[in-house]
$ cat protein-v3.pdb   # PDB, C-alpha atoms
ATOM      1  CA  MET A   1      38.469   0.790 -34.277
ATOM      2  CA  ALA A   2      40.680  -2.265 -34.842
ATOM      3  CA  THR A   3      42.921  -4.379 -32.688
ATOM      4  CA  THR A   4      45.138  -7.334 -33.461
ATOM      5  CA  TYR A   5      45.821 -10.531 -31.584
ATOM      6  CA  GLY A   6      48.303 -12.845 -33.254
ATOM      7  CA  ASP A   7      47.037 -13.387 -36.797
ATOM      8  CA  LEU A   8      43.587 -11.983 -36.000
ATOM      9  CA  THR A   9      42.349  -8.485 -36.724
ATOM     10  CA  ILE A  10      39.227  -7.512 -34.827
ATOM     11  CA  ASP A  11      37.253  -4.472 -35.944
ATOM     12  CA  TRP A  12      34.432  -2.981 -33.910
ATOM     13  CA  LEU A  13      32.087  -1.468 -36.485
ATOM     14  CA  GLY A  14      29.675   0.010 -33.935
ATOM     15  CA  TYR A  15      26.957  -1.045 -31.505
ATOM     16  CA  ALA A  16      27.389  -4.850 -31.275
ATOM     17  CA  THR A  17      28.926  -5.462 -34.703
ATOM     18  CA  LEU A  18      32.350  -7.098 -34.897
ATOM     19  CA  ARG A  19      34.404  -8.125 -37.922
ATOM     20  CA  ILE A  20      37.136 -10.700 -37.256
ATOM     21  CA  THR A  21      39.614 -11.903 -39.859
ATOM     22  CA  ASP A  22      42.709 -14.063 -39.958
ATOM     23  CA  GLY A  23      43.563 -12.753 -43.432
ATOM     24  CA  ASP A  24      41.858 -15.676 -45.171
ATOM     25  CA  ARG A  25      38.432 -15.921 -43.550
ATOM     26  CA  VAL A  26      36.072 -13.237 -42.300
ATOM     27  CA  VAL A  27      33.589 -13.617 -39.436
ATOM     28  CA  TYR A  28      30.933 -11.088 -38.452
ATOM     29  CA  ILE A  29      29.091 -11.127 -35.158
ATOM     30  CA  ASP A  30      25.741  -9.336 -34.829
ATOM     31  CA  PRO A  31      25.906  -7.237 -37.999
ATOM     32  CA  GLY A  32      23.713  -4.176 -38.184
ATOM     33  CA  ARG A  33      21.025  -2.361 -36.209
ATOM     34  CA  TYR A  34      20.768   1.323 -35.446
ATOM     35  CA  GLY A  35      22.376   2.450 -38.699
ATOM     36  CA  VAL A  36      25.776   0.914 -37.919
ATOM     37  CA  LEU A  37      26.153  -0.481 -41.439
ATOM     38  CA  ASP A  38      24.283   2.179 -43.425
ATOM     39  CA  SER A  39      27.402   3.093 -45.412
ATOM     40  CA  TYR A  40      29.043  -0.349 -45.200
ATOM     41  CA  ASP A  41      28.571  -2.982 -47.892
ATOM     42  CA  ALA A  42      31.555  -5.364 -47.766
ATOM     43  CA  ARG A  43      29.756  -8.677 -48.522
ATOM     44  CA  ASP A  44      32.972 -10.484 -47.569
ATOM     45  CA  GLY A  45      31.805 -12.517 -44.565
ATOM     46  CA  ASP A  46      32.396 -16.260 -44.713
ATOM     47  CA  LEU A  47      30.622 -16.822 -41.402
ATOM     48  CA  VAL A  48      27.958 -14.567 -39.873
ATOM     49  CA  LEU A  49      26.828 -15.151 -36.275
ATOM     50  CA  VAL A  50      23.715 -13.692 -34.630
ATOM     51  CA  THR A  51      23.410 -13.924 -30.853
ATOM     52  CA  HIS A  52      19.764 -13.051 -30.076
ATOM     53  CA  ASP A  53      16.681 -11.281 -31.397
ATOM     54  CA  ASP A  54      17.819  -7.733 -30.455
ATOM     55  CA  HIS A  55      20.681  -8.165 -32.919
ATOM     56  CA  TYR A  56      18.867  -9.935 -35.730
ATOM     57  CA  ASP A  57      19.026  -7.590 -38.732
ATOM     58  CA  PRO A  58      18.465  -9.178 -42.165
ATOM     59  CA  ASP A  59      19.663  -6.036 -43.959
ATOM     60  CA  GLY A  60      22.861  -6.012 -41.900
ATOM     61  CA  ILE A  61      23.453  -9.696 -42.667
ATOM     62  CA  GLU A  62      23.083  -9.003 -46.388
ATOM     63  CA  ARG A  63      25.594  -6.116 -46.182
ATOM     64  CA  VAL A  64      28.309  -8.337 -44.692
ATOM     65  CA  ALA A  65      27.672 -11.889 -45.925
ATOM     66  CA  ALA A  66      29.465 -13.211 -48.990
ATOM     67  CA  GLU A  67      27.301 -15.033 -51.527
ATOM     68  CA  ASP A  68      28.403 -18.432 -50.144
ATOM     69  CA  ALA A  69      28.368 -17.417 -46.454
ATOM     70  CA  VAL A  70      27.180 -19.607 -43.614
ATOM     71  CA  VAL A  71      24.783 -17.670 -41.374
ATOM     72  CA  CYS A  72      24.315 -19.021 -37.847
ATOM     73  CA  VAL A  73      21.331 -17.700 -35.926
ATOM     74  CA  PHE A  74      20.302 -18.477 -32.348
ATOM     75  CA  ASP A  75      17.354 -20.868 -32.534
ATOM     76  CA  GLY A  76      15.312 -18.712 -30.153
ATOM     77  CA  ILE A  77      15.036 -15.913 -32.713
ATOM     78  CA  ARG A  78      11.519 -15.701 -34.117
ATOM     79  CA  SER A  79      11.261 -12.760 -36.504
ATOM     80  CA  GLU A  80       7.470 -12.740 -36.199
ATOM     81  CA  GLU A  81       7.826 -12.055 -32.453
ATOM     82  CA  ILE A  82      10.312  -9.192 -32.807
ATOM     83  CA  GLU A  83       8.716  -5.825 -32.040
ATOM     84  CA  ARG A  84       9.912  -4.215 -35.281
ATOM     85  CA  ASP A  85       9.587  -4.965 -38.961
ATOM     86  CA  SER A  86      11.786  -7.927 -39.754
ATOM     87  CA  ARG A  87      12.038 -10.616 -42.392
ATOM     88  CA  PRO A  88      12.032 -14.299 -41.408
ATOM     89  CA  VAL A  89      15.362 -16.073 -40.975
ATOM     90  CA  SER A  90      14.130 -18.658 -43.487
ATOM     91  CA  GLY A  91      13.899 -15.887 -46.103
ATOM     92  CA  LEU A  92      17.657 -15.226 -46.076
ATOM     93  CA  ASP A  93      19.404 -16.526 -49.198
ATOM     94  CA  TYR A  94      22.351 -18.223 -47.473
ATOM     95  CA  GLU A  95      23.158 -21.518 -45.834
ATOM     96  CA  ILE A  96      21.360 -21.039 -42.509
ATOM     97  CA  ARG A  97      22.181 -22.891 -39.311
ATOM     98  CA  ARG A  98      19.961 -22.512 -36.292
ATOM     99  CA  VAL A  99      21.960 -23.055 -33.117
ATOM    100  CA  GLY A 100      21.102 -23.587 -29.482
ATOM    101  CA  ILE A 101      23.052 -23.250 -26.269
ATOM    102  CA  GLY A 102      25.816 -25.854 -26.193
ATOM    103  CA  ASP A 103      25.746 -26.639 -29.900
ATOM    104  CA  THR A 104      29.073 -27.087 -31.636
ATOM    105  CA  PHE A 105      29.504 -26.866 -35.381
ATOM    106  CA  GLU A 106      31.874 -25.882 -38.133
ATOM    107  CA  GLY A 107      31.205 -22.993 -40.463
ATOM    108  CA  ALA A 108      33.598 -21.776 -43.148
ATOM    109  CA  GLY A 109      36.234 -24.113 -41.710
ATOM    110  CA  ILE A 110      35.970 -22.524 -38.251
ATOM    111  CA  ALA A 111      35.044 -24.552 -35.165
ATOM    112  CA  VAL A 112      32.293 -22.757 -33.230
ATOM    113  CA  GLU A 113      30.578 -23.400 -29.913
ATOM    114  CA  ALA A 114      27.362 -21.585 -28.941
ATOM    115  CA  ILE A 115      27.530 -20.736 -25.243
ATOM    116  CA  SER A 116      24.897 -19.306 -22.918
ATOM    117  CA  ALA A 117      24.872 -15.495 -22.764
ATOM    118  CA  TYR A 118      22.639 -13.496 -20.421
ATOM    119  CA  ASN A 119      22.472 -10.627 -17.945
ATOM    120  CA  THR A 120      22.379 -11.372 -14.233
ATOM    121  CA  PRO A 121      19.949  -9.576 -11.895
ATOM    122  CA  ASP A 122      22.832  -7.452 -10.580
ATOM    123  CA  GLY A 123      23.857  -6.448 -14.113
ATOM    124  CA  HIS A 124      22.062  -4.878 -17.085
ATOM    125  CA  VAL A 125      18.441  -4.724 -15.839
ATOM    126  CA  ARG A 126      15.189  -2.880 -16.422
ATOM    127  CA  GLU A 127      13.714  -0.505 -13.828
ATOM    128  CA  ASP A 128      11.748  -3.406 -12.316
ATOM    129  CA  GLY A 129      14.967  -5.407 -11.835
ATOM    130  CA  THR A 130      14.432  -7.982 -14.582
ATOM    131  CA  PRO A 131      17.425  -8.595 -16.852
ATOM    132  CA  TYR A 132      17.222  -7.250 -20.402
ATOM    133  CA  HIS A 133      18.641 -10.543 -21.609
ATOM    134  CA  PRO A 134      17.443 -13.403 -19.377
ATOM    135  CA  GLU A 135      19.144 -16.780 -19.266
ATOM    136  CA  GLY A 136      18.138 -18.882 -22.268
ATOM    137  CA  GLY A 137      17.423 -15.855 -24.455
ATOM    138  CA  GLY A 138      20.615 -15.818 -26.459
ATOM    139  CA  VAL A 139      24.075 -17.161 -27.080
ATOM    140  CA  GLY A 140      27.649 -16.043 -27.322
ATOM    141  CA  TYR A 141      30.081 -17.764 -29.655
ATOM    142  CA  ARG A 142      33.445 -19.323 -28.875
ATOM    143  CA  LEU A 143      35.515 -19.547 -32.069
TER     144      LEU A 143
END
$ encode --input "protein-v3.pdb" --output "structure tokens"
Amino acid sequence: MATTYGDLTIDWLGYATLRITDGDRVVYIDPGRYGVLDSYDARDGDLVLVTHDDHYDPDGIERVAAEDAVVCVFDGIRSEEIERDSRPVSGLDYEIRRVGIGDTFEGAGIAVEAISAYNTPDGHVREDGTPYHPEGGGVGYRL
């Protein structure tokens, strides 16, 4: 499913995975998980952004990232604490940038700001009322 906005084309590839391009540069947000990219192997991403540990998928990153990609990963992601098999962020063979809430940076010639992203208690919550994604547990990205 794709939509356009000005010079941008935004493709939703499934689950939380987005591909955004202006025709020259390609950005992926939260590539992978739950088989979304099983038959996808573009390796055209100039900038790959990961918001939080639920969306950290090294295999998905490798399917979308170009050889010279910049991969930005929320600094709160600790692969050893994820409750599934996962490789460390440091083991990815790309330029890695760890980012925190409020950080600004440039990747692939694109200005990026990491902003706080979380569920409120009246939003997406567990049965006991605690948010699935508490404040401080992840970021969104403003491009």
$ residues_around --input "protein-v3.pdb" --residues "region 53-66 of chain A" --least-positions-apart "5" --cutoff "10 Å" --atoms "all atoms listed in the file" --output "count of residues only"
51
$ atom_distance --input "protein-v3.pdb" --atom1 "CA of Leu49 (chain A)" --atom2 "CA of Gly123 (chain A)"
24.0 Å
$ atom_distance --input "protein-v3.pdb" --atom1 "CA of Ile115 (chain A)" --atom2 "CA of Gly100 (chain A)"
8.2 Å
$ residues_around --input "protein-v3.pdb" --residues "Tyr132 (chain A)" --least-positions-apart "2" --cutoff "10 Å" --atoms "all atoms listed in the file" --output "JSON, numbers by chain"
{"A": [118, 119, 120, 121, 123, 124, 125, 126, 129, 130, 134, 135, 137]}
$ atom_distance --input "protein-v3.pdb" --atom1 "CA of Ala114 (chain A)" --atom2 "CA of Gly102 (chain A)"
5.3 Å
$ axis_aligned_box --input "protein-v3.pdb" --around "region 38-42 of chain A" --padding-each-side "4 Å" --output "AutoDock Vina command-line options"
--center_x 27.9 --center_y -1.1 --center_z -45.7 --size_x 15.3 --size_y 16.5 --size_z 12.5
$ residues_around --input "protein-v3.pdb" --residues "Leu143 (chain A)" --least-positions-apart "3" --cutoff "8 Å" --atoms "all atoms listed in the file" --output "list of chain:residue names"
A:Ile110, A:Ala111, A:Val112, A:Glu113
$ closest_residue --input "protein-v3.pdb" --among "A:Met1, A:Ile96, A:Ala108, A:Val50" --to "Asp24 (chain A)" --atoms "only C-alpha atoms"
A:Ala108
$ resolve_selection --input "protein-v3.pdb" --expression "the PyMOL selection byres ((chain A and resi 10) around 10)" --output "list in words"
Met1, Ala2, Thr3, Thr4, Tyr5, Asp7, Leu8, Thr9, Asp11, Trp12, Leu13, Leu18, Arg19, Ile20, Thr21, Asp22, Val26, Val27 and Tyr28 of chain A
$ closest_residue --input "protein-v3.pdb" --among "A:Gly6, A:Arg25, A:Asp128, A:Gly140" --to "Ile101 (chain A)" --atoms "only C-alpha atoms"
A:Gly140
